[in-house]
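Enquirer: Contents of data-v4.cif (mmCIF, C-alpha atoms) are below:
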```
data_work
#
loop_
_atom_site.group_PDB
_atom_site.id
_atom_site.type_symbol
_atom_site.label_atom_id
_atom_site.label_comp_id
_atom_site.auth_asym_id
_atom_site.auth_seq_id
_atom_site.Cartn_x
_atom_site.Cartn_y
_atom_site.Cartn_z
ATOM 1 C CA MET D 8 -13.998 51.495 -136.039
ATOM 2 C CA SER D 9 -10.706 53.309 -135.591
ATOM 3 C CA ARG D 10 -7.327 51.712 -136.232
ATOM 4 C CA TYR D 11 -6.596 51.670 -132.493
ATOM 5 C CA LYS D 12 -9.829 49.836 -131.703
ATOM 6 C CA ARG D 13 -9.220 47.308 -134.494
ATOM 7 C CA ARG D 14 -5.762 46.558 -133.135
ATOM 8 C CA LEU D 15 -7.107 46.308 -129.594
ATOM 9 C CA PHE D 16 -9.850 43.942 -130.775
ATOM 10 C CA LYS D 17 -7.341 41.722 -132.615
ATOM 11 C CA ASP D 18 -5.051 41.674 -129.579
ATOM 12 C CA ASN D 19 -7.871 40.690 -127.250
ATOM 13 C CA ALA D 20 -9.125 38.073 -129.701
ATOM 14 C CA MET D 21 -5.692 36.450 -129.989
ATOM 15 C CA GLN D 22 -5.332 36.427 -126.199
ATOM 16 C CA VAL D 23 -8.682 34.651 -125.911
ATOM 17 C CA VAL D 24 -7.723 32.121 -128.596
ATOM 18 C CA ALA D 25 -4.327 31.455 -126.990
ATOM 19 C CA THR D 26 -5.914 31.047 -123.552
ATOM 20 C CA VAL D 27 -8.578 28.653 -124.854
ATOM 21 C CA LEU D 28 -5.987 26.529 -126.672
ATOM 22 C CA ALA D 29 -3.779 26.444 -123.569
ATOM 23 C CA VAL D 30 -6.734 25.310 -121.449
ATOM 24 C CA ILE D 31 -7.574 22.611 -124.011
ATOM 25 C CA ALA D 32 -3.979 21.357 -123.974
ATOM 26 C CA LEU D 33 -3.922 21.255 -120.161
ATOM 27 C CA ALA D 34 -7.312 19.534 -120.100
ATOM 28 C CA LEU D 35 -6.096 16.845 -122.494
ATOM 29 C CA LEU D 36 -2.973 16.311 -120.388
ATOM 30 C CA ALA D 37 -5.075 16.064 -117.236
ATOM 31 C CA TRP D 38 -7.407 13.613 -118.990
ATOM 32 C CA ILE D 39 -4.472 11.391 -119.918
ATOM 33 C CA LEU D 40 -3.044 11.470 -116.391
ATOM 34 C CA VAL D 41 -6.413 10.757 -114.766
ATOM 35 C CA THR D 42 -6.982 7.847 -117.141
ATOM 36 C CA LEU D 43 -3.547 6.414 -116.384
ATOM 37 C CA PHE D 44 -4.093 6.629 -112.645
ATOM 38 C CA ALA D 45 -7.624 5.240 -112.849
ATOM 39 C CA LYS D 46 -6.656 2.224 -114.952
ATOM 40 C CA GLY D 47 -3.108 1.606 -113.760
ATOM 41 C CA ALA D 48 -2.949 2.455 -110.077
ATOM 42 C CA HIS D 49 -5.157 -0.396 -108.815
ATOM 43 C CA SER D 50 -2.768 -3.017 -110.272
ATOM 44 C CA LEU D 51 0.292 -1.317 -108.802
ATOM 45 C CA SER D 52 1.738 -3.485 -106.034
ATOM 46 C CA ILE D 53 5.006 -4.731 -104.612
ATOM 47 C CA ASN D 54 4.874 -7.651 -107.065
ATOM 48 C CA THR D 55 5.031 -5.185 -109.957
ATOM 49 C CA PHE D 56 8.579 -4.242 -108.938
ATOM 50 C CA THR D 57 9.773 -7.590 -107.551
ATOM 51 C CA GLN D 58 8.344 -10.255 -109.871
ATOM 52 C CA PRO D 59 9.329 -10.811 -113.525
ATOM 53 C CA MET D 60 6.908 -11.088 -116.412
ATOM 54 C CA ASP D 61 7.064 -14.891 -116.508
ATOM 55 C CA ALA D 62 5.718 -15.246 -112.944
ATOM 56 C CA GLN D 63 2.370 -17.022 -112.884
ATOM 57 C CA GLY D 64 -1.052 -15.692 -111.896
ATOM 58 C CA ALA D 65 -1.248 -12.900 -109.351
ATOM 59 C CA LEU D 66 2.542 -12.938 -108.908
ATOM 60 C CA SER D 67 3.153 -11.681 -112.432
ATOM 61 C CA GLY D 68 5.010 -8.372 -112.467
ATOM 62 C CA LEU D 69 7.109 -6.014 -114.551
ATOM 63 C CA ALA D 70 10.358 -6.028 -112.590
ATOM 64 C CA ASN D 71 12.550 -7.409 -115.383
ATOM 65 C CA ALA D 72 10.963 -5.008 -117.891
ATOM 66 C CA VAL D 73 11.584 -2.007 -115.614
ATOM 67 C CA VAL D 74 15.203 -3.019 -115.028
ATOM 68 C CA GLY D 75 15.750 -3.731 -118.717
ATOM 69 C CA SER D 76 14.407 -0.316 -119.685
ATOM 70 C CA LEU D 77 16.573 1.409 -117.081
ATOM 71 C CA ILE D 78 19.691 -0.379 -118.320
ATOM 72 C CA MET D 79 19.125 0.290 -122.017
ATOM 73 C CA VAL D 80 17.930 3.887 -121.644
ATOM 74 C CA ALA D 81 20.771 4.740 -119.244
ATOM 75 C CA LEU D 82 23.437 3.276 -121.535
ATOM 76 C CA ALA D 83 21.917 4.880 -124.624
ATOM 77 C CA THR D 84 21.788 8.272 -122.906
ATOM 78 C CA ALA D 85 25.344 7.940 -121.583
ATOM 79 C CA ILE D 86 26.582 7.249 -125.116
ATOM 80 C CA ALA D 87 24.358 9.450 -127.289
ATOM 81 C CA ALA D 88 23.897 12.552 -125.108
ATOM 82 C CA PRO D 89 27.601 13.563 -124.951
ATOM 83 C CA ILE D 90 27.958 12.963 -128.690
ATOM 84 C CA GLY D 91 24.837 15.046 -129.338
ATOM 85 C CA VAL D 92 26.007 17.896 -127.113
ATOM 86 C CA MET D 93 29.420 17.966 -128.779
ATOM 87 C CA ALA D 94 27.890 17.842 -132.262
ATOM 88 C CA GLY D 95 25.435 20.627 -131.414
ATOM 89 C CA THR D 96 28.302 22.681 -129.984
ATOM 90 C CA TYR D 97 30.271 22.206 -133.186
ATOM 91 C CA LEU D 98 27.328 23.338 -135.315
ATOM 92 C CA SER D 99 26.738 26.449 -133.188
ATOM 93 C CA GLU D 100 30.247 27.540 -132.238
ATOM 94 C CA ILE D 101 32.691 26.120 -134.786
ATOM 95 C CA GLY D 102 31.098 24.788 -137.961
ATOM 96 C CA GLY D 103 28.986 27.784 -138.842
ATOM 97 C CA ASN D 104 27.730 27.435 -142.420
ATOM 98 C CA SER D 105 30.532 25.223 -143.677
ATOM 99 C CA LYS D 106 29.708 22.307 -145.961
ATOM 100 C CA LEU D 107 30.394 19.814 -143.195
ATOM 101 C CA ALA D 108 28.082 21.648 -140.798
ATOM 102 C CA GLN D 109 25.351 21.853 -143.427
ATOM 103 C CA SER D 110 25.696 18.129 -144.079
ATOM 104 C CA VAL D 111 25.469 17.333 -140.366
ATOM 105 C CA ARG D 112 22.363 19.506 -140.012
ATOM 106 C CA PHE D 113 20.728 17.802 -142.989
ATOM 107 C CA ILE D 114 21.441 14.311 -141.631
ATOM 108 C CA ASN D 115 20.231 15.369 -138.192
ATOM 109 C CA ASP D 116 16.990 16.725 -139.646
ATOM 110 C CA VAL D 117 16.454 13.425 -141.471
ATOM 111 C CA LEU D 118 16.965 11.484 -138.237
ATOM 112 C CA LEU D 119 14.585 13.800 -136.375
ATOM 113 C CA SER D 120 11.802 13.214 -138.879
ATOM 114 C CA ALA D 121 12.473 9.518 -139.495
ATOM 115 C CA PRO D 122 9.823 7.116 -138.105
ATOM 116 C CA SER D 123 11.219 5.161 -135.181
ATOM 117 C CA ILE D 124 10.363 1.861 -136.849
ATOM 118 C CA LEU D 125 12.853 2.692 -139.613
ATOM 119 C CA ILE D 126 15.508 3.144 -136.948
ATOM 120 C CA GLY D 127 14.604 -0.306 -135.658
ATOM 121 C CA LEU D 128 14.928 -1.819 -139.131
ATOM 122 C CA PHE D 129 18.272 -0.084 -139.627
ATOM 123 C CA VAL D 130 19.621 -1.432 -136.339
ATOM 124 C CA TYR D 131 18.257 -4.874 -137.204
ATOM 125 C CA ASN D 132 20.380 -4.891 -140.343
ATOM 126 C CA ILE D 133 23.581 -3.644 -138.705
ATOM 127 C CA ALA D 134 23.462 -5.093 -135.192
ATOM 128 C CA VAL D 135 21.009 -8.014 -135.158
ATOM 129 C CA LYS D 136 21.154 -9.890 -138.448
ATOM 130 C CA PRO D 137 24.977 -9.910 -138.773
ATOM 131 C CA PHE D 138 25.374 -11.283 -135.228
ATOM 132 C CA GLY D 139 22.657 -13.886 -135.466
ATOM 133 C CA GLY D 140 20.206 -12.680 -132.837
ATOM 134 C CA PHE D 141 18.464 -9.932 -130.915
ATOM 135 C CA SER D 142 20.294 -8.349 -128.000
ATOM 136 C CA GLY D 143 20.274 -5.620 -125.413
ATOM 137 C CA ILE D 144 23.240 -4.044 -127.187
ATOM 138 C CA ALA D 145 21.138 -3.624 -130.325
ATOM 139 C CA GLY D 146 18.431 -2.029 -128.174
ATOM 140 C CA VAL D 147 20.968 0.423 -126.751
ATOM 141 C CA ILE D 148 22.087 1.356 -130.278
ATOM 142 C CA ALA D 149 18.489 1.896 -131.401
ATOM 143 C CA LEU D 150 17.623 4.095 -128.433
ATOM 144 C CA GLY D 151 20.898 5.987 -128.845
ATOM 145 C CA ILE D 152 19.948 6.837 -132.431
ATOM 146 C CA VAL D 153 16.585 8.092 -131.145
ATOM 147 C CA ILE D 154 18.262 10.308 -128.532
ATOM 148 C CA LEU D 155 21.095 11.671 -130.685
ATOM 149 C CA PRO D 156 19.291 14.058 -133.100
ATOM 150 C CA VAL D 157 17.166 15.584 -130.335
ATOM 151 C CA ALA D 158 20.276 16.292 -128.253
ATOM 152 C CA VAL D 159 22.060 17.811 -131.269
ATOM 153 C CA ARG D 160 19.176 20.125 -132.166
ATOM 154 C CA ALA D 161 18.532 21.190 -128.565
ATOM 155 C CA THR D 162 22.197 21.985 -127.948
ATOM 156 C CA GLU D 163 22.603 23.997 -131.149
ATOM 157 C CA ASP D 164 19.403 25.981 -130.593
ATOM 158 C CA MET D 165 20.139 26.733 -126.937
ATOM 159 C CA LEU D 166 23.690 27.887 -127.667
ATOM 160 C CA ARG D 167 22.425 30.176 -130.427
ATOM 161 C CA LEU D 168 20.077 31.815 -127.919
ATOM 162 C CA VAL D 169 22.981 32.841 -125.669
ATOM 163 C CA PRO D 170 23.681 36.580 -126.204
ATOM 164 C CA GLY D 171 26.687 37.143 -128.426
ATOM 165 C CA SER D 172 27.988 39.768 -125.998
ATOM 166 C CA LEU D 173 28.900 37.011 -123.518
ATOM 167 C CA ARG D 174 31.015 35.257 -126.102
ATOM 168 C CA GLU D 175 32.661 38.511 -127.219
ATOM 169 C CA ALA D 176 33.425 39.545 -123.631
ATOM 170 C CA ALA D 177 35.114 36.207 -122.917
ATOM 171 C CA PHE D 178 37.238 36.452 -126.049
ATOM 172 C CA ALA D 179 38.116 40.085 -125.209
ATOM 173 C CA LEU D 180 39.490 38.895 -121.865
ATOM 174 C CA GLY D 181 41.839 36.547 -123.704
ATOM 175 C CA ALA D 182 40.021 33.256 -123.007
ATOM 176 C CA PRO D 183 40.721 30.476 -125.528
ATOM 177 C CA GLN D 184 37.790 29.086 -127.480
ATOM 178 C CA PHE D 185 37.451 25.870 -125.490
ATOM 179 C CA LYS D 186 37.231 27.894 -122.247
ATOM 180 C CA VAL D 187 34.643 30.196 -123.772
ATOM 181 C CA ILE D 188 32.549 27.184 -124.805
ATOM 182 C CA THR D 189 32.846 25.184 -121.583
ATOM 183 C CA ASP D 190 32.831 27.986 -118.991
ATOM 184 C CA VAL D 191 30.583 30.561 -120.665
ATOM 185 C CA MET D 192 28.410 29.095 -123.413
ATOM 186 C CA TRP D 193 27.637 25.721 -121.829
ATOM 187 C CA ARG D 194 26.993 27.286 -118.450
ATOM 188 C CA ALA D 195 24.629 29.897 -119.903
ATOM 189 C CA ALA D 196 22.733 27.283 -121.944
ATOM 190 C CA SER D 197 22.899 24.439 -119.406
ATOM 191 C CA ALA D 198 19.194 24.557 -118.492
ATOM 192 C CA GLY D 199 18.083 24.385 -122.117
ATOM 193 C CA ILE D 200 20.586 21.681 -123.026
ATOM 194 C CA MET D 201 19.558 19.543 -120.050
ATOM 195 C CA THR D 202 15.899 20.014 -120.942
ATOM 196 C CA GLY D 203 16.615 18.867 -124.491
ATOM 197 C CA VAL D 204 18.474 15.786 -123.279
ATOM 198 C CA LEU D 205 15.599 14.983 -120.930
ATOM 199 C CA LEU D 206 13.111 15.292 -123.784
ATOM 200 C CA ALA D 207 15.255 12.905 -125.813
ATOM 201 C CA LEU D 208 15.480 10.520 -122.862
ATOM 202 C CA ALA D 209 11.709 10.646 -122.349
ATOM 203 C CA ARG D 210 11.128 9.889 -126.011
ATOM 204 C CA ALA D 211 13.531 6.957 -125.903
ATOM 205 C CA ALA D 212 11.977 5.597 -122.701
ATOM 206 C CA GLY D 213 8.609 5.268 -124.423
ATOM 207 C CA GLU D 214 9.758 3.884 -127.771
ATOM 208 C CA THR D 215 8.492 0.440 -128.726
ATOM 209 C CA ALA D 216 9.059 0.006 -132.461
ATOM 210 C CA PRO D 217 12.892 0.213 -132.412
ATOM 211 C CA LEU D 218 13.073 -2.341 -129.592
ATOM 212 C CA ILE D 219 10.883 -4.852 -131.418
ATOM 213 C CA PHE D 220 13.606 -5.147 -134.064
ATOM 214 C CA SER D 221 16.574 -4.930 -131.691
ATOM 215 C CA ALA D 222 16.153 -6.027 -128.063
ATOM 216 C CA PHE D 223 13.002 -8.041 -128.894
ATOM 217 C CA GLY D 224 12.062 -8.599 -125.255
ATOM 218 C CA ALA D 225 12.250 -11.424 -122.730
ATOM 219 C CA GLN D 226 9.881 -12.888 -120.162
ATOM 220 C CA ALA D 227 12.464 -13.793 -117.521
ATOM 221 C CA TRP D 228 15.275 -11.977 -115.732
ATOM 222 C CA THR D 229 18.344 -11.238 -117.832
ATOM 223 C CA PHE D 230 21.242 -8.843 -117.415
ATOM 224 C CA ASN D 231 23.178 -10.148 -120.405
ATOM 225 C CA LEU D 232 23.298 -7.408 -123.044
ATOM 226 C CA THR D 233 24.219 -9.955 -125.710
ATOM 227 C CA LYS D 234 20.830 -11.675 -125.302
ATOM 228 C CA PRO D 235 17.259 -10.448 -125.866
ATOM 229 C CA MET D 236 16.273 -8.087 -123.055
ATOM 230 C CA ALA D 237 12.913 -7.039 -121.646
ATOM 231 C CA SER D 238 11.770 -3.428 -121.612
ATOM 232 C CA LEU D 239 8.714 -1.640 -120.284
ATOM 233 C CA PRO D 240 7.369 -0.363 -123.643
ATOM 234 C CA LEU D 241 7.588 -3.878 -125.092
ATOM 235 C CA ALA D 242 5.838 -5.300 -122.034
ATOM 236 C CA ILE D 243 3.041 -2.747 -122.429
ATOM 237 C CA TYR D 244 2.726 -3.567 -126.133
ATOM 238 C CA GLN D 245 2.608 -7.293 -125.406
ATOM 239 C CA TYR D 246 0.228 -7.201 -122.448
ATOM 240 C CA ALA D 247 -2.173 -4.744 -124.089
ATOM 241 C CA GLN D 248 -2.986 -7.445 -126.665
ATOM 242 C CA GLU D 249 -3.597 -10.194 -124.114
ATOM 243 C CA PRO D 250 -7.167 -11.498 -123.644
ATOM 244 C CA ALA D 251 -6.695 -11.791 -119.866
ATOM 245 C CA GLN D 252 -7.811 -8.660 -118.038
ATOM 246 C CA ASP D 253 -5.017 -8.897 -115.455
ATOM 247 C CA LYS D 254 -2.438 -8.607 -118.243
ATOM 248 C CA VAL D 255 -4.222 -5.575 -119.707
ATOM 249 C CA ASP D 256 -4.228 -4.017 -116.234
ATOM 250 C CA LEU D 257 -0.471 -4.600 -116.027
ATOM 251 C CA ALA D 258 -0.087 -2.814 -119.365
ATOM 252 C CA TRP D 259 -1.837 0.240 -117.882
ATOM 253 C CA THR D 260 0.371 -0.028 -114.811
ATOM 254 C CA GLY D 261 3.458 -0.057 -117.015
ATOM 255 C CA ALA D 262 2.268 3.081 -118.816
ATOM 256 C CA LEU D 263 1.742 4.745 -115.445
ATOM 257 C CA ILE D 264 5.239 3.776 -114.305
ATOM 258 C CA ILE D 265 6.813 5.302 -117.428
ATOM 259 C CA THR D 266 4.826 8.518 -116.976
ATOM 260 C CA LEU D 267 5.730 8.853 -113.309
ATOM 261 C CA GLY D 268 9.371 8.055 -114.048
ATOM 262 C CA VAL D 269 9.630 10.817 -116.648
ATOM 263 C CA LEU D 270 7.822 13.221 -114.294
ATOM 264 C CA LEU D 271 10.191 12.494 -111.397
ATOM 265 C CA LEU D 272 13.191 12.816 -113.709
ATOM 266 C CA ASN D 273 12.034 16.261 -114.829
ATOM 267 C CA ILE D 274 11.447 17.387 -111.242
ATOM 268 C CA ALA D 275 14.909 16.187 -110.202
ATOM 269 C CA SER D 276 16.574 17.905 -113.147
ATOM 270 C CA ARG D 277 14.801 21.169 -112.382
ATOM 271 C CA ALA D 278 16.050 20.959 -108.820
ATOM 272 C CA VAL D 279 19.594 20.373 -110.036
ATOM 273 C CA ILE D 280 19.351 23.319 -112.469
ATOM 274 C CA ALA D 281 17.966 25.578 -109.738
ATOM 275 C CA GLY D 282 20.787 24.561 -107.389
ATOM 276 C CA THR D 283 23.374 25.227 -110.102
ATOM 277 C CA GLY D 284 21.864 28.630 -110.809
ATOM 278 C CA ARG D 285 22.103 29.680 -107.162
ATOM 279 C CA LYS D 286 25.774 28.820 -107.119
#
```
Written as structure tokens, how would this file's structure read?
Expert:
Amino acid sequence: MSRYKRRLFKDNAMQVVATVLAVIALALLAWILVTLFAKGAHSLSINTFTQPMDAQGALSGLANAVVGSLIMVALATAIAAPIGVMAGTYLSEIGGNSKLAQSVRFINDVLLSAPSILIGLFVYNIAVKPFGGFSGIAGVIALGIVILPVAVRATEDMLRLVPGSLREAAFALGAPQFKVITDVMWRAASAGIMTGVLLALARAAGETAPLIFSAFGAQAWTFNLTKPMASLPLAIYQYAQEPAQDKVDLAWTGALIITLGVLLLNIASRAVIAGTGRK
């Protein structure tokens, strides 16, 4: 067999392998989605979004858990995402290979690889135990720590992918560094940065372990961030262990709600990015 034929064979073989693996990944994703719809859709009703977890019998719902998750994830994202974007910008555009930048990267890598339950234990020791009780604020801190390293890494990587010629052209025109970063680099990398933040948000929305040691959960309505607060992942974790089938069905419904929420969020963000690109 000639060298050309060997290379052609290897190329075709790798294409087949890549295609098969892609089909397997899509099939697994479809399997998960079909299972979620099959087991969770039949328990989805108006009571799911209007009744709290402590409602009795058929009136039991997940309304307080959904609201609690929205509050904590929104606050955590509002706090952690800007910090992560600024830190990633520093690492890419300012810090370079300085000792401070290397230290930040090392700490960020540790946070990325740390099990989420360790984050929960850390928050328990700094925000729960000293103040004498679980709280929504502690849950926000835990989810913020989950979001932060993902936002930092995504921002740094996306900014490094921007062609250096754009940066050089802006500087050649006399633009100061902050204008180059905000008007050129951020705009060029906005789609990637937003995708990274959304990935971080999706991860935080599904985390259970950090909330067990921070927000703890609640059966009834509560909007007080200084008290234990319900969340959808905790409700799923709790109901999945119940002997009653209706509670298990609600756990599947909660998993479906989280999945659909993340899906809708991604669709909306893509629409926003597409609209920004046209402008």
Enquirer: Would you mind telling me which residue in D:Phe220, D:Phe113, D:Tyr97, D:Phe16 lies nearest to Ile133 of chain D when using all atoms listed in the file?
Expert: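 Of the candidates, the smallest distance to Ile133 of chain D is held by D:Phe220.
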Enquirer: Applied to the shown file, which residues does the PyMOL selection byres ((chain D and resi 253) around 12) return, written as a list in words?
Expert: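 Matching residues under the PyMOL selection byres ((chain D and resi 253) around 12) are Lys46, Gly47, His49, Ser50, Leu51, Gln63, Gly64, Ala65, Leu66, Ser67, Gly68, Tyr246, Ala247, Gln248, Glu249, Pro250, Ala251, Gln252, Lys254, Val255, Asp256, Leu257, Ala258, Trp259 and Thr260 of chain D.
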Enquirer: Enumerate, as a short mmCIF file (atom, residue, chain, number, x, y, z; two decimals) with C-alpha atoms, in the coordinates of the input, the residues matched when the PyMOL selection byres ((chain D and resi 174) around 10) is run on the file above.
Expert:
```cif
data_model
loop_
_atom_site.label_atom_id
_atom_site.label_comp_id
_atom_site.auth_asym_id
_atom_site.auth_seq_id
_atom_site.Cartn_x
_atom_site.Cartn_y
_atom_site.Cartn_z
CA GLU D 100 30.25 27.54 -132.24
CA VAL D 169 22.98 32.84 -125.67
CA PRO D 170 23.68 36.58 -126.20
CA GLY D 171 26.69 37.14 -128.43
CA SER D 172 27.99 39.77 -126.00
CA LEU D 173 28.90 37.01 -123.52
CA GLU D 175 32.66 38.51 -127.22
CA ALA D 176 33.42 39.54 -123.63
CA ALA D 177 35.11 36.21 -122.92
CA PHE D 178 37.24 36.45 -126.05
CA ALA D 179 38.12 40.08 -125.21
CA ALA D 182 40.02 33.26 -123.01
CA GLN D 184 37.79 29.09 -127.48
CA VAL D 187 34.64 30.20 -123.77
CA ILE D 188 32.55 27.18 -124.80
CA VAL D 191 30.58 30.56 -120.66
CA MET D 192 28.41 29.10 -123.41
#
```
Enquirer: One number please: atom CA of Ile124 of chain D to atom CA of Ala149 of chain D, in Å, one decimal.
Expert: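 So the answer is 9.8 Å.
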Enquirer: The PyMOL selection byres ((chain D and resi 159) around 8) - which residues does that actually catch in the file I just gave you? List them as an mmCIF file with C-alpha atoms, keeping the file's coordinate frame.
Expert:
```cif
data_model
loop_
_atom_site.group_PDB
_atom_site.id
_atom_site.type_symbol
_atom_site.label_atom_id
_atom_site.label_comp_id
_atom_site.auth_asym_id
_atom_site.auth_seq_id
_atom_site.Cartn_x
_atom_site.Cartn_y
_atom_site.Cartn_z
ATOM 1 C CA GLY D 91 24.837 15.046 -129.338
ATOM 2 C CA VAL D 92 26.007 17.896 -127.113
ATOM 3 C CA MET D 93 29.420 17.966 -128.779
ATOM 4 C CA ALA D 94 27.890 17.842 -132.262
ATOM 5 C CA GLY D 95 25.435 20.627 -131.414
ATOM 6 C CA ASN D 115 20.231 15.369 -138.192
ATOM 7 C CA LEU D 155 21.095 11.671 -130.685
ATOM 8 C CA PRO D 156 19.291 14.058 -133.100
ATOM 9 C CA VAL D 157 17.166 15.584 -130.335
ATOM 10 C CA ALA D 158 20.276 16.292 -128.253
ATOM 11 C CA ARG D 160 19.176 20.125 -132.166
ATOM 12 C CA ALA D 161 18.532 21.190 -128.565
ATOM 13 C CA THR D 162 22.197 21.985 -127.948
ATOM 14 C CA GLU D 163 22.603 23.997 -131.149
#
```
Enquirer: Which of these residues is nearest to Asn71 of chain D, using all atoms listed in the file: D:Ser238, D:Asn54, D:Ser105, D:Thr84?
Expert: D:Ser238
Enquirer: Using Å and a single decimal, report how far atom CA of Ala242 of chain D sits from atom CA of Leu33 of chain D.
Expert: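 Spanning atom CA of Leu33 of chain D to atom CA of Ala242 of chain D is a straight-line distance of 28.4 Å.
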Enquirer: Enter the distance from atom CA of Leu208 of chain D to atom CA of Ile144 of chain D, in Å, rounded to one decimal.
Expert: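 That distance, rounded to one decimal, is 17.1 Å.
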Enquirer: Do you know which residues are at most 8 Å from Ala134 of chain D counting only C-alpha atoms, after dropping those on the same chain fewer than 4 positions away, and could you put them as a PDB file with C-alpha atoms, in the coordinates of the input?
Expert:
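So the final result, stored in out.pdb, reads:
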```
ATOM      1  CA  VAL D 130      19.621  -1.432-136.339  1.00  0.00           C
ATOM      2  CA  PHE D 138      25.374 -11.283-135.228  1.00  0.00           C
ATOM      3  CA  ALA D 145      21.138  -3.624-130.325  1.00  0.00           C
ATOM      4  CA  SER D 221      16.574  -4.930-131.691  1.00  0.00           C
TER       5      SER D 221
END
```
Enquirer: Counting all atoms listed in the file, which of D:Val269, D:Gln109, D:Ala222, D:Ser99 gets nearest to Met79 of chain D?
Expert: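 Checking each of D:Val269, D:Gln109, D:Ala222, D:Ser99 against Met79 of chain D, counting all atoms listed in the file, the winner is D:Ala222.
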Enquirer: Compare D:Ile274, D:Ala195, D:Val147, D:Ala225 by their minimum atom-to-atom distance to Leu77 of chain D, counting all atoms listed in the file, and give me the closest one.
Expert: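 Of all the options, D:Val147 lies closest to Leu77 of chain D.
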Enquirer: Would you mind completing segment 232-247 of chain D so that it carries N, CA and C atoms, and writing it out as a CSV table (one decimal), keeping the file's coordinate frame?
Expert:
```
chain,number,residue,atom,x,y,z
D,232,LEU,N,23.6,-8.3,-121.9
D,232,LEU,CA,23.3,-7.4,-123.0
D,232,LEU,C,23.5,-8.1,-124.4
D,233,THR,N,24.1,-9.3,-124.4
D,233,THR,CA,24.2,-10.0,-125.7
D,233,THR,C,23.0,-10.8,-126.0
D,234,LYS,N,22.0,-10.9,-125.1
D,234,LYS,CA,20.8,-11.7,-125.3
D,234,LYS,C,19.6,-10.8,-125.4
D,235,PRO,N,18.5,-11.3,-125.9
D,235,PRO,CA,17.3,-10.4,-125.9
D,235,PRO,C,17.0,-9.9,-124.5
D,236,MET,N,16.5,-8.7,-124.4
D,236,MET,CA,16.3,-8.1,-123.1
D,236,MET,C,14.9,-7.5,-123.0
D,237,ALA,N,14.3,-7.6,-121.8
D,237,ALA,CA,12.9,-7.0,-121.6
D,237,ALA,C,13.0,-5.5,-121.5
D,238,SER,N,11.9,-4.9,-121.8
D,238,SER,CA,11.8,-3.4,-121.6
D,238,SER,C,10.3,-3.1,-121.3
D,239,LEU,N,10.1,-2.0,-120.7
D,239,LEU,CA,8.7,-1.6,-120.3
D,239,LEU,C,7.8,-1.3,-121.5
D,240,PRO,N,8.2,-0.6,-122.5
D,240,PRO,CA,7.4,-0.4,-123.6
D,240,PRO,C,7.0,-1.7,-124.3
D,241,LEU,N,7.9,-2.6,-124.5
D,241,LEU,CA,7.6,-3.9,-125.1
D,241,LEU,C,6.6,-4.7,-124.2
D,242,ALA,N,6.8,-4.6,-122.9
D,242,ALA,CA,5.8,-5.3,-122.0
D,242,ALA,C,4.4,-4.7,-122.2
D,243,ILE,N,4.3,-3.4,-122.2
D,243,ILE,CA,3.0,-2.7,-122.4
D,243,ILE,C,2.4,-3.2,-123.8
D,244,TYR,N,3.2,-3.2,-124.8
D,244,TYR,CA,2.7,-3.6,-126.1
D,244,TYR,C,2.2,-5.0,-126.1
D,245,GLN,N,3.0,-5.9,-125.5
D,245,GLN,CA,2.6,-7.3,-125.4
D,245,GLN,C,1.4,-7.5,-124.6
D,246,TYR,N,1.3,-7.0,-123.4
D,246,TYR,CA,0.2,-7.2,-122.4
D,246,TYR,C,-1.1,-6.5,-122.9
D,247,ALA,N,-1.0,-5.4,-123.6
D,247,ALA,CA,-2.2,-4.7,-124.1
D,247,ALA,C,-3.0,-5.6,-125.1
```
